[in-house]
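Note: the block below is model32.cif and it holds mmCIF, C-alpha atoms and all ligand atoms.
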data_coords
#
loop_
_atom_site.label_atom_id
_atom_site.label_comp_id
_atom_site.auth_asym_id
_atom_site.auth_seq_id
_atom_site.Cartn_x
_atom_site.Cartn_y
_atom_site.Cartn_z
CA MET A 159 129.32 163.52 100.02
CA GLU A 160 126.05 165.38 99.63
CA THR A 161 124.00 166.39 102.68
CA LEU A 162 121.89 163.72 104.38
CA VAL A 163 118.43 163.03 103.01
CA TYR A 164 116.39 161.55 105.85
CA LEU A 165 113.45 159.49 104.61
CA ASP A 166 112.80 157.37 107.68
CA HIS A 167 110.15 159.52 109.39
CA ALA A 168 107.91 156.51 110.02
CA ALA A 169 110.53 155.28 112.49
CA THR A 170 110.94 158.67 114.13
CA SER A 171 110.75 162.20 112.78
CA TRP A 172 114.05 163.98 112.23
CA PRO A 173 115.33 166.62 112.42
CA LYS A 174 113.10 167.90 115.19
CA PRO A 175 112.12 171.58 114.81
CA PRO A 176 114.48 174.00 116.60
CA GLU A 177 111.56 174.93 118.90
CA VAL A 178 111.57 171.38 120.26
CA ALA A 179 115.27 171.42 121.12
CA ALA A 180 114.91 174.92 122.63
CA ALA A 181 111.96 173.82 124.83
CA MET A 182 113.93 170.83 126.06
CA MET A 183 116.96 172.98 126.82
CA GLU A 184 114.75 175.45 128.67
CA ALA A 185 113.24 172.58 130.69
CA LEU A 186 116.66 171.17 131.52
CA GLU A 187 118.05 174.51 132.58
CA HIS A 188 115.07 176.21 134.20
CA SER A 189 112.29 173.80 135.12
CA GLY A 190 114.01 170.49 135.68
CA ALA A 191 112.32 169.49 138.93
CA ASN A 192 110.01 166.53 139.38
CA ALA A 193 106.35 167.34 138.75
CA GLY A 194 103.85 166.32 141.41
CA ARG A 195 106.58 165.35 143.87
CA GLY A 196 107.10 168.66 145.68
CA ASN A 197 105.39 171.94 146.44
CA HIS A 198 108.32 174.12 145.54
CA SER A 199 108.06 176.50 142.60
CA LEU A 200 110.36 174.51 140.36
CA ALA A 201 108.23 171.36 140.70
CA ILE A 202 105.07 173.37 140.12
CA GLY A 203 106.66 174.87 136.99
CA THR A 204 107.35 171.38 135.61
CA GLY A 205 103.79 170.38 136.46
CA ARG A 206 102.53 173.29 134.38
CA VAL A 207 104.44 172.09 131.33
CA LEU A 208 102.82 168.66 131.69
CA VAL A 209 99.36 170.22 132.03
CA ARG A 210 99.89 172.37 128.93
CA ALA A 211 101.09 169.41 126.91
CA ARG A 212 98.10 167.33 128.01
CA CYS A 213 95.72 170.16 127.07
CA GLU A 214 97.29 170.69 123.63
CA LEU A 215 97.05 166.96 122.93
CA ALA A 216 93.46 166.82 124.16
CA GLU A 217 92.54 169.63 121.78
CA LEU A 218 94.34 167.94 118.90
CA PHE A 219 92.50 164.63 119.36
CA GLY A 220 89.03 165.97 120.31
CA ILE A 221 89.37 164.76 123.90
CA SER A 222 87.06 166.57 126.34
CA ASN A 223 89.11 166.05 129.49
CA ALA A 224 92.91 166.26 129.29
CA GLN A 225 93.17 164.11 132.44
CA ASP A 226 92.08 161.17 130.30
CA ILE A 227 95.51 161.26 128.64
CA ALA A 228 98.40 159.46 130.31
CA PHE A 229 101.94 160.00 129.10
CA THR A 230 103.91 156.96 128.02
CA HIS A 231 107.42 156.38 126.69
CA ASN A 232 106.22 155.42 123.22
CA THR A 233 103.26 153.91 121.35
CA THR A 234 104.20 150.38 122.38
CA MET A 235 103.73 151.18 126.04
CA GLY A 236 100.29 152.67 125.41
CA LEU A 237 99.25 149.65 123.36
CA ASN A 238 100.42 147.27 126.09
CA MET A 239 98.55 149.29 128.72
CA ALA A 240 95.38 149.16 126.64
CA ILE A 241 95.57 145.50 125.66
CA LYS A 242 96.75 144.01 128.96
CA GLY A 243 94.59 146.38 130.98
CA THR A 244 91.41 145.32 129.16
CA LEU A 245 91.54 141.68 128.12
CA ARG A 246 90.78 138.74 130.38
CA ALA A 247 90.65 134.96 129.95
CA GLY A 248 88.04 133.90 127.41
CA ASP A 249 87.80 137.29 125.69
CA HIS A 250 87.79 137.49 121.92
CA VAL A 251 89.62 140.23 119.99
CA ILE A 252 89.35 141.36 116.41
CA SER A 253 92.44 142.94 114.89
CA THR A 254 93.87 143.20 111.37
CA MET A 255 96.69 141.72 109.36
CA THR A 256 98.38 145.09 109.12
CA GLU A 257 99.07 145.43 112.84
CA HIS A 258 102.53 146.16 114.14
CA ASN A 259 104.22 143.70 116.51
CA SER A 260 103.47 146.10 119.33
CA VAL A 261 99.83 144.99 118.96
CA ARG A 262 100.39 141.46 117.79
CA ARG A 263 102.95 140.41 120.38
CA PRO A 264 100.93 141.47 123.45
CA LEU A 265 97.91 139.76 121.90
CA GLU A 266 99.81 136.55 121.21
CA TYR A 267 101.27 136.70 124.72
CA LEU A 268 97.74 136.87 126.15
CA ARG A 269 96.66 134.05 123.87
CA ARG A 270 99.49 131.88 125.27
CA THR A 271 99.12 132.87 128.91
CA MET A 272 95.38 133.48 129.23
CA GLY A 273 93.74 131.79 126.30
CA ILE A 274 92.23 134.87 124.67
CA LYS A 275 90.91 134.31 121.13
CA ILE A 276 92.11 136.47 118.25
CA ASP A 277 90.94 137.03 114.69
CA TYR A 278 93.17 138.99 112.33
CA LEU A 279 91.01 140.50 109.63
CA GLN A 280 92.34 139.88 106.11
CA VAL A 281 93.59 142.84 104.08
CA ASP A 282 93.80 143.03 100.31
CA GLU A 283 97.07 143.80 98.55
CA GLU A 284 96.52 147.53 98.98
CA GLY A 285 96.13 147.06 102.72
CA GLN A 286 92.36 147.58 102.85
CA ILE A 287 89.84 145.63 104.87
CA SER A 288 86.25 144.65 104.13
CA LEU A 289 83.78 146.12 106.63
CA THR A 290 81.37 143.29 105.80
CA ALA A 291 84.05 140.76 106.70
CA LEU A 292 84.72 142.69 109.91
CA LYS A 293 81.06 142.47 110.96
CA GLN A 294 81.10 138.72 110.43
CA LEU A 295 83.93 138.22 112.93
CA PHE A 296 82.01 139.40 116.00
CA ARG A 297 81.09 136.81 118.63
CA PRO A 298 79.26 137.24 121.93
CA SER A 299 82.68 137.18 123.65
CA THR A 300 84.22 139.92 121.47
CA LYS A 301 85.70 142.38 123.92
CA MET A 302 87.94 144.51 121.76
CA VAL A 303 88.56 145.73 118.23
CA ILE A 304 92.11 146.90 117.56
CA CYS A 305 93.43 148.52 114.40
CA ASN A 306 96.10 150.88 113.25
CA HIS A 307 95.12 154.11 111.57
CA SER A 308 97.82 153.71 108.94
CA SER A 309 100.01 150.71 108.16
CA ASN A 310 103.71 151.22 108.80
CA LEU A 311 104.55 148.99 105.82
CA LEU A 312 101.87 149.70 103.23
CA GLY A 313 100.95 153.32 104.01
CA SER A 314 97.27 152.34 103.70
CA ILE A 315 94.75 154.25 105.80
CA LEU A 316 92.05 152.24 107.54
CA PRO A 317 88.50 153.63 107.86
CA VAL A 318 88.78 154.22 111.60
CA SER A 319 85.44 156.06 111.88
CA GLU A 320 83.47 153.26 110.20
CA ILE A 321 85.27 150.61 112.26
CA GLY A 322 84.49 152.67 115.38
CA MET A 323 80.77 152.66 114.57
CA ILE A 324 80.78 148.90 114.07
CA ALA A 325 82.74 148.32 117.30
CA LYS A 326 80.30 150.54 119.19
CA ALA A 327 77.28 148.72 117.76
CA HIS A 328 78.76 145.49 119.14
CA ASN A 329 79.70 147.00 122.52
CA ALA A 330 83.36 146.28 121.92
CA VAL A 331 86.18 148.43 123.28
CA TYR A 332 87.86 150.17 120.35
CA LEU A 333 91.64 150.68 120.42
CA VAL A 334 93.37 152.65 117.66
CA ASP A 335 97.12 152.56 117.10
CA ALA A 336 97.94 156.05 115.88
CA ALA A 337 101.68 155.47 115.54
CA GLN A 338 101.66 156.50 111.89
CA SER A 339 98.84 159.01 111.99
CA ALA A 340 99.14 161.25 115.06
CA GLY A 341 100.11 164.68 113.74
CA VAL A 342 99.50 163.63 110.13
CA LEU A 343 95.86 162.58 109.85
CA ASP A 344 92.79 164.02 111.55
CA ILE A 345 91.89 162.17 114.72
CA ASN A 346 88.82 162.93 116.82
CA VAL A 347 88.15 160.32 119.48
CA ARG A 348 84.56 161.47 120.03
CA GLU A 349 83.56 161.52 116.38
CA MET A 350 85.42 158.28 115.65
CA ASN A 351 84.06 156.42 118.71
CA ILE A 352 87.62 155.66 119.83
CA ASP A 353 87.83 154.33 123.41
CA LEU A 354 91.59 153.96 123.57
CA LEU A 355 94.13 155.83 121.44
CA ALA A 356 97.83 154.98 121.66
CA PHE A 357 100.11 157.53 120.04
CA PRO A 358 103.82 158.32 119.80
CA GLY A 359 105.25 161.70 120.70
CA HIS A 360 108.36 161.10 118.64
CA LYS A 361 106.98 160.60 115.13
CA GLY A 362 104.40 162.92 113.54
CA LEU A 363 104.05 165.02 116.68
CA LEU A 364 107.73 165.97 116.35
CA GLY A 365 108.65 165.39 120.00
CA PRO A 366 111.75 163.52 121.14
CA GLN A 367 112.13 159.76 121.56
CA GLY A 368 110.85 158.55 124.90
CA THR A 369 107.53 160.38 124.55
CA GLY A 370 104.04 159.17 123.74
CA GLY A 371 100.65 158.82 125.32
CA ILE A 372 97.39 157.01 125.62
CA TYR A 373 93.85 158.35 125.73
CA ILE A 374 91.57 156.28 127.96
CA SER A 375 87.85 156.92 127.65
CA PRO A 376 86.32 158.08 130.97
CA GLU A 377 83.89 155.19 130.57
CA LEU A 378 86.69 152.65 130.78
CA GLU A 379 88.73 151.49 133.70
CA LEU A 380 92.01 149.87 132.69
CA GLU A 381 93.94 147.64 135.04
CA PRO A 382 97.21 149.62 135.37
CA LEU A 383 100.28 148.05 133.78
CA MET A 384 102.65 149.73 136.22
CA HIS A 385 102.24 150.32 139.93
CA GLY A 386 104.30 152.77 141.94
CA GLY A 387 104.79 156.29 143.17
CA THR A 388 102.62 159.06 141.81
CA GLY A 389 103.02 161.81 144.40
CA SER A 390 99.29 161.43 145.21
CA GLN A 391 97.36 159.31 147.79
CA SER A 392 100.78 158.27 149.14
CA GLU A 393 99.33 156.79 152.31
CA SER A 394 97.54 154.11 150.29
CA SER A 395 99.12 150.86 149.14
CA GLU A 396 96.78 150.89 146.14
CA GLN A 397 97.41 152.66 142.87
CA PRO A 398 95.42 155.97 143.06
CA ASP A 399 92.08 155.98 141.30
CA VAL A 400 92.50 159.56 140.04
CA ARG A 401 93.57 160.26 136.50
CA PRO A 402 96.16 160.58 135.12
CA ASP A 403 98.07 159.40 138.22
CA ARG A 404 96.51 155.94 138.06
CA TYR A 405 98.33 155.32 134.80
CA GLU A 406 101.52 157.32 135.38
CA ALA A 407 103.60 155.57 138.02
CA GLY A 408 107.14 156.86 138.47
CA THR A 409 108.96 159.97 137.33
CA GLN A 410 107.69 161.48 134.12
CA ASN A 411 109.90 162.35 131.15
CA ALA A 412 109.30 166.04 131.79
CA VAL A 413 112.11 167.26 129.53
CA GLY A 414 110.81 165.09 126.71
CA ILE A 415 107.25 166.25 127.28
CA ALA A 416 108.40 169.88 127.13
CA GLY A 417 109.79 169.03 123.69
CA LEU A 418 106.57 167.23 122.75
CA LEU A 419 104.55 170.31 123.73
CA ALA A 420 106.66 172.41 121.37
CA GLY A 421 106.26 169.76 118.66
CA VAL A 422 102.47 169.70 118.99
CA ARG A 423 102.35 173.49 118.83
CA LYS A 424 104.47 173.39 115.68
CA ILE A 425 102.10 170.84 114.10
CA LYS A 426 99.09 172.99 114.95
CA SER A 427 100.71 176.10 113.53
CA ILE A 428 101.18 174.34 110.18
CA GLY A 429 97.85 172.48 110.24
CA ILE A 430 97.18 168.74 109.95
CA ALA A 431 95.44 169.07 106.58
CA LYS A 432 98.42 170.85 105.03
CA ILE A 433 100.91 168.40 106.54
CA HIS A 434 98.99 165.44 105.16
CA HIS A 435 98.49 167.00 101.74
CA ASP A 436 102.16 167.99 101.39
CA GLU A 437 103.29 164.52 102.43
CA TRP A 438 100.82 162.92 100.04
CA LEU A 439 102.16 165.04 97.15
CA LEU A 440 105.70 163.92 97.95
CA THR A 441 104.61 160.25 97.95
CA GLN A 442 103.00 160.78 94.53
CA GLN A 443 106.19 162.36 93.16
CA LEU A 444 108.14 159.43 94.54
CA MET A 445 105.75 156.81 93.16
CA GLU A 446 105.72 158.37 89.74
CA GLY A 447 109.52 158.32 89.60
CA LEU A 448 109.85 154.80 90.99
CA SER A 449 107.32 153.48 88.49
CA GLY A 450 109.90 154.02 85.75
CA ILE A 451 112.30 151.45 87.22
CA SER A 452 111.76 148.01 85.77
CA GLY A 453 111.45 145.18 88.27
CA LEU A 454 110.43 147.60 91.03
CA ARG A 455 107.15 146.76 92.77
CA MET A 456 105.48 149.28 95.05
CA LEU A 457 103.31 148.08 97.93
CA GLY A 458 100.07 149.49 99.28
CA PRO A 459 97.56 151.87 97.68
CA LYS A 460 97.86 152.68 93.98
CA PRO A 461 99.06 156.11 92.77
CA GLY A 462 96.44 158.78 93.33
CA ALA A 463 94.78 156.90 96.21
CA PRO A 464 94.83 158.11 99.83
CA ARG A 465 97.88 157.02 101.82
CA SER A 466 100.11 158.27 104.59
CA GLY A 467 103.69 159.35 103.91
CA ILE A 468 104.99 155.81 103.43
CA VAL A 469 106.01 154.12 100.18
CA SER A 470 107.55 150.66 100.39
CA PHE A 471 108.92 148.68 97.47
CA THR A 472 110.95 145.72 96.33
CA VAL A 473 113.27 145.43 93.35
CA GLU A 474 113.38 142.10 91.58
CA GLY A 475 116.67 140.31 92.15
CA GLN A 476 117.83 142.77 94.82
CA GLU A 477 118.00 142.38 98.59
CA SER A 478 116.08 145.22 100.25
CA ALA A 479 118.85 145.57 102.86
CA ALA A 480 121.42 145.93 100.09
CA ILE A 481 119.38 148.67 98.42
CA ALA A 482 119.13 150.64 101.68
CA HIS A 483 122.82 150.08 102.35
CA ARG A 484 123.85 151.47 98.97
CA LEU A 485 121.49 154.44 99.33
CA ASP A 486 123.06 155.17 102.69
CA ARG A 487 126.72 154.63 101.89
CA GLU A 488 126.86 155.91 98.33
CA TYR A 489 124.17 158.62 98.37
CA ASN A 490 123.74 159.61 102.03
CA ILE A 491 120.03 158.76 101.92
CA ALA A 492 118.47 157.16 105.02
CA VAL A 493 115.61 154.71 104.40
CA ARG A 494 114.61 151.57 106.25
CA ALA A 495 114.81 148.07 104.81
CA GLY A 496 114.02 144.48 105.69
CA MET A 497 111.12 143.35 107.85
CA HIS A 498 109.10 146.15 109.40
CA CYS A 499 107.77 144.55 112.62
CA THR A 500 104.54 143.59 110.87
CA PRO A 501 104.86 140.02 109.53
CA LEU A 502 101.19 139.59 108.61
CA ALA A 503 101.27 142.76 106.50
CA HIS A 504 104.39 141.40 104.80
CA LYS A 505 102.47 138.18 104.20
CA ALA A 506 99.57 140.12 102.65
CA ALA A 507 102.02 141.98 100.42
CA ALA A 508 103.97 138.78 99.58
CA THR A 509 107.19 140.24 100.97
CA LEU A 510 107.67 137.88 103.90
CA GLU A 511 110.77 136.42 102.25
CA SER A 512 112.20 139.50 100.58
CA GLY A 513 111.36 142.24 103.08
CA ALA A 514 110.93 145.70 101.56
CA VAL A 515 112.57 149.09 101.33
CA ARG A 516 110.47 151.69 103.13
CA VAL A 517 110.71 155.36 102.24
CA SER A 518 108.82 157.64 104.60
CA VAL A 519 108.45 161.38 104.40
CA GLY A 520 107.72 163.90 107.15
CA VAL A 521 107.10 167.56 107.80
CA SER A 522 110.67 168.50 106.92
CA SER A 523 110.83 166.49 103.67
CA THR A 524 111.13 168.36 100.37
CA GLU A 525 110.72 167.74 96.64
CA HIS A 526 114.50 167.98 96.44
CA ASP A 527 114.80 165.06 98.89
CA ILE A 528 112.57 162.96 96.65
CA LYS A 529 114.51 163.97 93.56
CA ARG A 530 117.76 162.90 95.26
CA MET A 531 116.15 159.55 96.10
CA LEU A 532 114.86 159.07 92.56
CA ASP A 533 118.19 160.05 90.96
CA ALA A 534 119.97 157.55 93.20
CA MET A 535 117.50 154.78 92.37
CA GLU A 536 117.78 155.56 88.67
CA GLU A 537 121.58 155.38 88.81
CA LEU A 538 121.57 152.17 90.82
CA TYR A 539 118.67 150.23 89.33
CA GLY A 540 117.50 152.17 86.29
CA GLY A 541 118.74 149.58 83.80
CA ALA A 542 117.85 145.92 83.55
CA CYS A 543 116.18 144.71 86.70
CA SER A 544 118.33 141.82 87.87
CA SER A 545 121.59 142.39 86.06
CA ARG A 546 123.50 144.19 88.82
C1 LIG B 1 101.88 151.06 113.31
C2 LIG B 1 102.87 151.12 114.45
N1 LIG B 1 102.47 150.77 115.68
C3 LIG B 1 103.28 150.83 116.73
C4 LIG B 1 104.60 151.24 116.60
C5 LIG B 1 105.48 151.32 117.79
O1 LIG B 1 105.77 152.66 118.03
P1 LIG B 1 106.81 153.11 119.13
O2 LIG B 1 108.15 152.92 118.53
O3 LIG B 1 106.48 154.54 119.40
O4 LIG B 1 106.62 152.26 120.32
C6 LIG B 1 105.08 151.60 115.33
C7 LIG B 1 106.47 152.01 115.16
O5 LIG B 1 106.95 152.31 114.12
C8 LIG B 1 104.18 151.55 114.24
O6 LIG B 1 104.57 151.91 113.02
#

Let me see the structure of the file written as structure tokens.
Amino acid sequence: METLVYLDHAATSWPKPPEVAAAMMEALEHSGANAGRGNHSLAIGTGRVLVRARCELAELFGISNAQDIAFTHNTTMGLNMAIKGTLRAGDHVISTMTEHNSVRRPLEYLRRTMGIKIDYLQVDEEGQISLTALKQLFRPSTKMVICNHSSNLLGSILPVSEIGMIAKAHNAVYLVDAAQSAGVLDINVREMNIDLLAFPGHKGLLGPQGTGGIYISPELELEPLMHGGTGSQSESSEQPDVRPDRYEAGTQNAVGIAGLLAGVRKIKSIGIAKIHHDEWLLTQQLMEGLSGISGLRMLGPKPGAPRSGIVSFTVEGQESAAIAHRLDREYNIAVRAGMHCTPLAHKAAATLESGAVRVSVGVSSTEHDIKRMLDAMEELYGGACSSR
């Protein structure tokens, strides 16, 4: 069997750069104490790693004060912190049809339990929204606007800056889900008017699973999702009001964050613009090859248009899970298939019934990987569309 081709970077990036593994090993072996919980040198050393990681992330996202970043275990946790920490009974929220379940489920939970009102902005078949339609959805009770930067099904990129200006003009809190863009697309919270940014450490930032973070604008006060020990203001029964402690109850994933720090440094050494361009070129190579297969329908933006490193497709007469299974078992190619935790985006793309095969590239992907994928698809489905 040929070597593994990993094309599931939208789920989590893999393999992680050797620097990430080395930083985690170093943390495990030499600075494995608990930051903020002791005055001994080892604990202080761990604390320094956390500070450095916060500062590197702040620089990456145009955040003035690194203390406005709280570490989380993943994007989902940051999104829950932002949504549940902001919305109250009677509030209205505007979101989009391309949101992941980690936005939609907390929103629907608050609709059931608190009676918040939600509008999901329509997207066209390429995953784009109308800014005019967005403006029409605002009500006096609109508290929040929530959107992803890039759809995890369609690969479309939303105009986060323009949406930010509109949200600001309506005094709404603006939350961006950067699960598919952190480390891949430029993000500047100041320039984009972003109040809350939830991001994963384990995807484009090349850190390990169990890492992520949230930026909370200094002008906002979120109700904490978690309460507990922080190593600060221990005499008080209240959650501390200082940042980041207010939003970081319990022991931090210091080993993971050491890996995340190395991942962010790696990203910066390559450059976001280069990463995005290289990934875009690979998606174009992939789309051109896939377009030759009859019965295959690609979702999201058309060839040549901006997109992130995601290309999803269906093949007429074929189960998406069966396609992924054959790619895996017969060709050692890892892609994701089925439903992608975003039912409204599937609805917009008319793939609610069929699901879709999602191919996603990352920093380590190569033209050879795409060629292997295309050769496999050609062998499997290159003939008549529904005859096999
Ligand atoms: C757009 C989007 N939002 C949120 C998430 C959840 O991310 P995490 O697994 O880091 O919680 C994902 C995961 O793939 C995603 O693609």

Cut-off 10 Å: closest chain A/ligand LIG 1 (chain B) atom pairs per residue, using all atoms listed in the file, as a Markdown table:
| residue | atom | partner | partner_atom | distance |
| --- | --- | --- | --- | --- |
| A:His167 | CA | B:LIG1 | O5 | 9.2 |
| A:Ala168 | CA | B:LIG1 | O5 | 5.9 |
| A:Ala169 | CA | B:LIG1 | O5 | 4.9 |
| A:Thr170 | CA | B:LIG1 | O5 | 7.5 |
| A:Thr230 | CA | B:LIG1 | O3 | 9.3 |
| A:His231 | CA | B:LIG1 | O3 | 7.6 |
| A:Asn232 | CA | B:LIG1 | O3 | 3.9 |
| A:Thr233 | CA | B:LIG1 | O3 | 3.8 |
| A:Thr234 | CA | B:LIG1 | O4 | 3.7 |
| A:Met235 | CA | B:LIG1 | O4 | 6.5 |
| A:Gly236 | CA | B:LIG1 | O4 | 8.1 |
| A:Leu237 | CA | B:LIG1 | C3 | 7.8 |
| A:Asn238 | CA | B:LIG1 | O4 | 9.8 |
| A:Thr256 | CA | B:LIG1 | C1 | 8.1 |
| A:Glu257 | CA | B:LIG1 | C1 | 6.3 |
| A:His258 | CA | B:LIG1 | N1 | 4.9 |
| A:Asn259 | CA | B:LIG1 | C3 | 7.2 |
| A:Ser260 | CA | B:LIG1 | C3 | 5.4 |
| A:Val261 | CA | B:LIG1 | C3 | 7.1 |
| A:Arg262 | CA | B:LIG1 | N1 | 9.8 |
| A:Cys305 | CA | B:LIG1 | C1 | 8.9 |
| A:Asn306 | CA | B:LIG1 | C1 | 5.8 |
| A:His307 | CA | B:LIG1 | C1 | 7.6 |
| A:Ser308 | CA | B:LIG1 | C1 | 6.5 |
| A:Ser309 | CA | B:LIG1 | C1 | 5.5 |
| A:Asn310 | CA | B:LIG1 | O6 | 4.4 |
| A:Leu311 | CA | B:LIG1 | O6 | 7.8 |
| A:Gly313 | CA | B:LIG1 | C1 | 9.6 |
| A:Val334 | CA | B:LIG1 | N1 | 9.5 |
| A:Asp335 | CA | B:LIG1 | N1 | 5.8 |
| A:Ala336 | CA | B:LIG1 | C1 | 6.9 |
| A:Ala337 | CA | B:LIG1 | C2 | 4.6 |
| A:Gln338 | CA | B:LIG1 | O6 | 5.6 |
| A:Ser339 | CA | B:LIG1 | C1 | 8.6 |
| A:Ala356 | CA | B:LIG1 | C3 | 8.4 |
| A:Phe357 | CA | B:LIG1 | O3 | 7.1 |
| A:Pro358 | CA | B:LIG1 | O3 | 4.6 |
| A:Gly359 | CA | B:LIG1 | O3 | 7.4 |
| A:His360 | CA | B:LIG1 | O3 | 6.9 |
| A:Lys361 | CA | B:LIG1 | O3 | 7.4 |
| A:Gln367 | CA | B:LIG1 | O3 | 8.0 |
| A:Gly368 | CA | B:LIG1 | O3 | 8.1 |
| A:Thr369 | CA | B:LIG1 | O3 | 7.9 |
| A:Gly370 | CA | B:LIG1 | O3 | 6.8 |
| A:Gly371 | CA | B:LIG1 | O3 | 9.3 |
| A:His498 | CA | B:LIG1 | O5 | 8.1 |
| A:Cys499 | CA | B:LIG1 | O5 | 7.9 |
| A:Thr500 | CA | B:LIG1 | C1 | 8.3 |

Could the residues in this selection be saved with C-alpha atoms as an mmCIF file, in the frame of the given file?
data_model
loop_
_atom_site.group_PDB
_atom_site.id
_atom_site.type_symbol
_atom_site.label_atom_id
_atom_site.label_comp_id
_atom_site.auth_asym_id
_atom_site.auth_seq_id
_atom_site.Cartn_x
_atom_site.Cartn_y
_atom_site.Cartn_z
ATOM 1 C CA HIS A 167 110.150 159.520 109.390
ATOM 2 C CA ALA A 168 107.910 156.510 110.020
ATOM 3 C CA ALA A 169 110.530 155.280 112.490
ATOM 4 C CA THR A 170 110.940 158.670 114.130
ATOM 5 C CA THR A 230 103.910 156.960 128.020
ATOM 6 C CA HIS A 231 107.420 156.380 126.690
ATOM 7 C CA ASN A 232 106.220 155.420 123.220
ATOM 8 C CA THR A 233 103.260 153.910 121.350
ATOM 9 C CA THR A 234 104.200 150.380 122.380
ATOM 10 C CA MET A 235 103.730 151.180 126.040
ATOM 11 C CA GLY A 236 100.290 152.670 125.410
ATOM 12 C CA LEU A 237 99.250 149.650 123.360
ATOM 13 C CA ASN A 238 100.420 147.270 126.090
ATOM 14 C CA THR A 256 98.380 145.090 109.120
ATOM 15 C CA GLU A 257 99.070 145.430 112.840
ATOM 16 C CA HIS A 258 102.530 146.160 114.140
ATOM 17 C CA ASN A 259 104.220 143.700 116.510
ATOM 18 C CA SER A 260 103.470 146.100 119.330
ATOM 19 C CA VAL A 261 99.830 144.990 118.960
ATOM 20 C CA ARG A 262 100.390 141.460 117.790
ATOM 21 C CA CYS A 305 93.430 148.520 114.400
ATOM 22 C CA ASN A 306 96.100 150.880 113.250
ATOM 23 C CA HIS A 307 95.120 154.110 111.570
ATOM 24 C CA SER A 308 97.820 153.710 108.940
ATOM 25 C CA SER A 309 100.010 150.710 108.160
ATOM 26 C CA ASN A 310 103.710 151.220 108.800
ATOM 27 C CA LEU A 311 104.550 148.990 105.820
ATOM 28 C CA GLY A 313 100.950 153.320 104.010
ATOM 29 C CA VAL A 334 93.370 152.650 117.660
ATOM 30 C CA ASP A 335 97.120 152.560 117.100
ATOM 31 C CA ALA A 336 97.940 156.050 115.880
ATOM 32 C CA ALA A 337 101.680 155.470 115.540
ATOM 33 C CA GLN A 338 101.660 156.500 111.890
ATOM 34 C CA SER A 339 98.840 159.010 111.990
ATOM 35 C CA ALA A 356 97.830 154.980 121.660
ATOM 36 C CA PHE A 357 100.110 157.530 120.040
ATOM 37 C CA PRO A 358 103.820 158.320 119.800
ATOM 38 C CA GLY A 359 105.250 161.700 120.700
ATOM 39 C CA HIS A 360 108.360 161.100 118.640
ATOM 40 C CA LYS A 361 106.980 160.600 115.130
ATOM 41 C CA GLN A 367 112.130 159.760 121.560
ATOM 42 C CA GLY A 368 110.850 158.550 124.900
ATOM 43 C CA THR A 369 107.530 160.380 124.550
ATOM 44 C CA GLY A 370 104.040 159.170 123.740
ATOM 45 C CA GLY A 371 100.650 158.820 125.320
ATOM 46 C CA HIS A 498 109.100 146.150 109.400
ATOM 47 C CA CYS A 499 107.770 144.550 112.620
ATOM 48 C CA THR A 500 104.540 143.590 110.870
#

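Among the candidate residues A:Ala506, A:Met456, A:Ile451, A:Leu295, the one lying nearest to Met535 of chain A is A:Ile451, with distances computed using only C-alpha atoms.
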
Output as JSON lines one row per residue of segment 419-524 of chain A within 12 Å of segment 173-176 of chain A: the closest atom pair and its distance in Å to one decimal place, counting all atoms listed in the file, sorted by chain and residue number ascending.
{"residue": "A:Leu419", "atom": "CA", "partner": "A:Pro175", "partner_atom": "CA", "distance": 11.8}
{"residue": "A:Ala420", "atom": "CA", "partner": "A:Pro175", "partner_atom": "CA", "distance": 8.6}
{"residue": "A:Gly421", "atom": "CA", "partner": "A:Pro175", "partner_atom": "CA", "distance": 7.2}
{"residue": "A:Val422", "atom": "CA", "partner": "A:Pro175", "partner_atom": "CA", "distance": 10.7}
{"residue": "A:Arg423", "atom": "CA", "partner": "A:Pro175", "partner_atom": "CA", "distance": 10.7}
{"residue": "A:Lys424", "atom": "CA", "partner": "A:Pro175", "partner_atom": "CA", "distance": 7.9}
{"residue": "A:Ile425", "atom": "CA", "partner": "A:Pro175", "partner_atom": "CA", "distance": 10.1}
{"residue": "A:Val519", "atom": "CA", "partner": "A:Pro173", "partner_atom": "CA", "distance": 11.8}
{"residue": "A:Gly520", "atom": "CA", "partner": "A:Pro173", "partner_atom": "CA", "distance": 9.6}
{"residue": "A:Val521", "atom": "CA", "partner": "A:Pro173", "partner_atom": "CA", "distance": 9.5}
{"residue": "A:Ser522", "atom": "CA", "partner": "A:Pro173", "partner_atom": "CA", "distance": 7.4}
{"residue": "A:Ser523", "atom": "CA", "partner": "A:Pro173", "partner_atom": "CA", "distance": 9.8}

Filtering to C-alpha atoms, could you give me those residues as a tab-separated table (two decimals), keeping the file's coordinate frame?
chain	number	residue	atom	x	y	z
A	419	LEU	CA	104.55	170.31	123.73
A	420	ALA	CA	106.66	172.41	121.37
A	421	GLY	CA	106.26	169.76	118.66
A	422	VAL	CA	102.47	169.70	118.99
A	423	ARG	CA	102.35	173.49	118.83
A	424	LYS	CA	104.47	173.39	115.68
A	425	ILE	CA	102.10	170.84	114.10
A	519	VAL	CA	108.45	161.38	104.40
A	520	GLY	CA	107.72	163.90	107.15
A	521	VAL	CA	107.10	167.56	107.80
A	522	SER	CA	110.67	168.50	106.92
A	523	SER	CA	110.83	166.49	103.67

Of the candidates A:Lys242, A:Arg212, A:Arg455, A:His526, which one gets nearest to Ala508 of chain A if we count only C-alpha atoms?
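The shortest atom-to-atom distance to Ala508 of chain A comes from A:Arg455.
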
Pick out the residues sitting within 7 Å of Ile352 of chain A, and hand them over as a list in words; count only C-alpha atoms, and ignore anything fewer than 2 positions along from it in its own chain.
Gly322, Tyr332, Leu333, Val334, Val347, Arg348, Met350, Leu354 and Leu355 of chain A
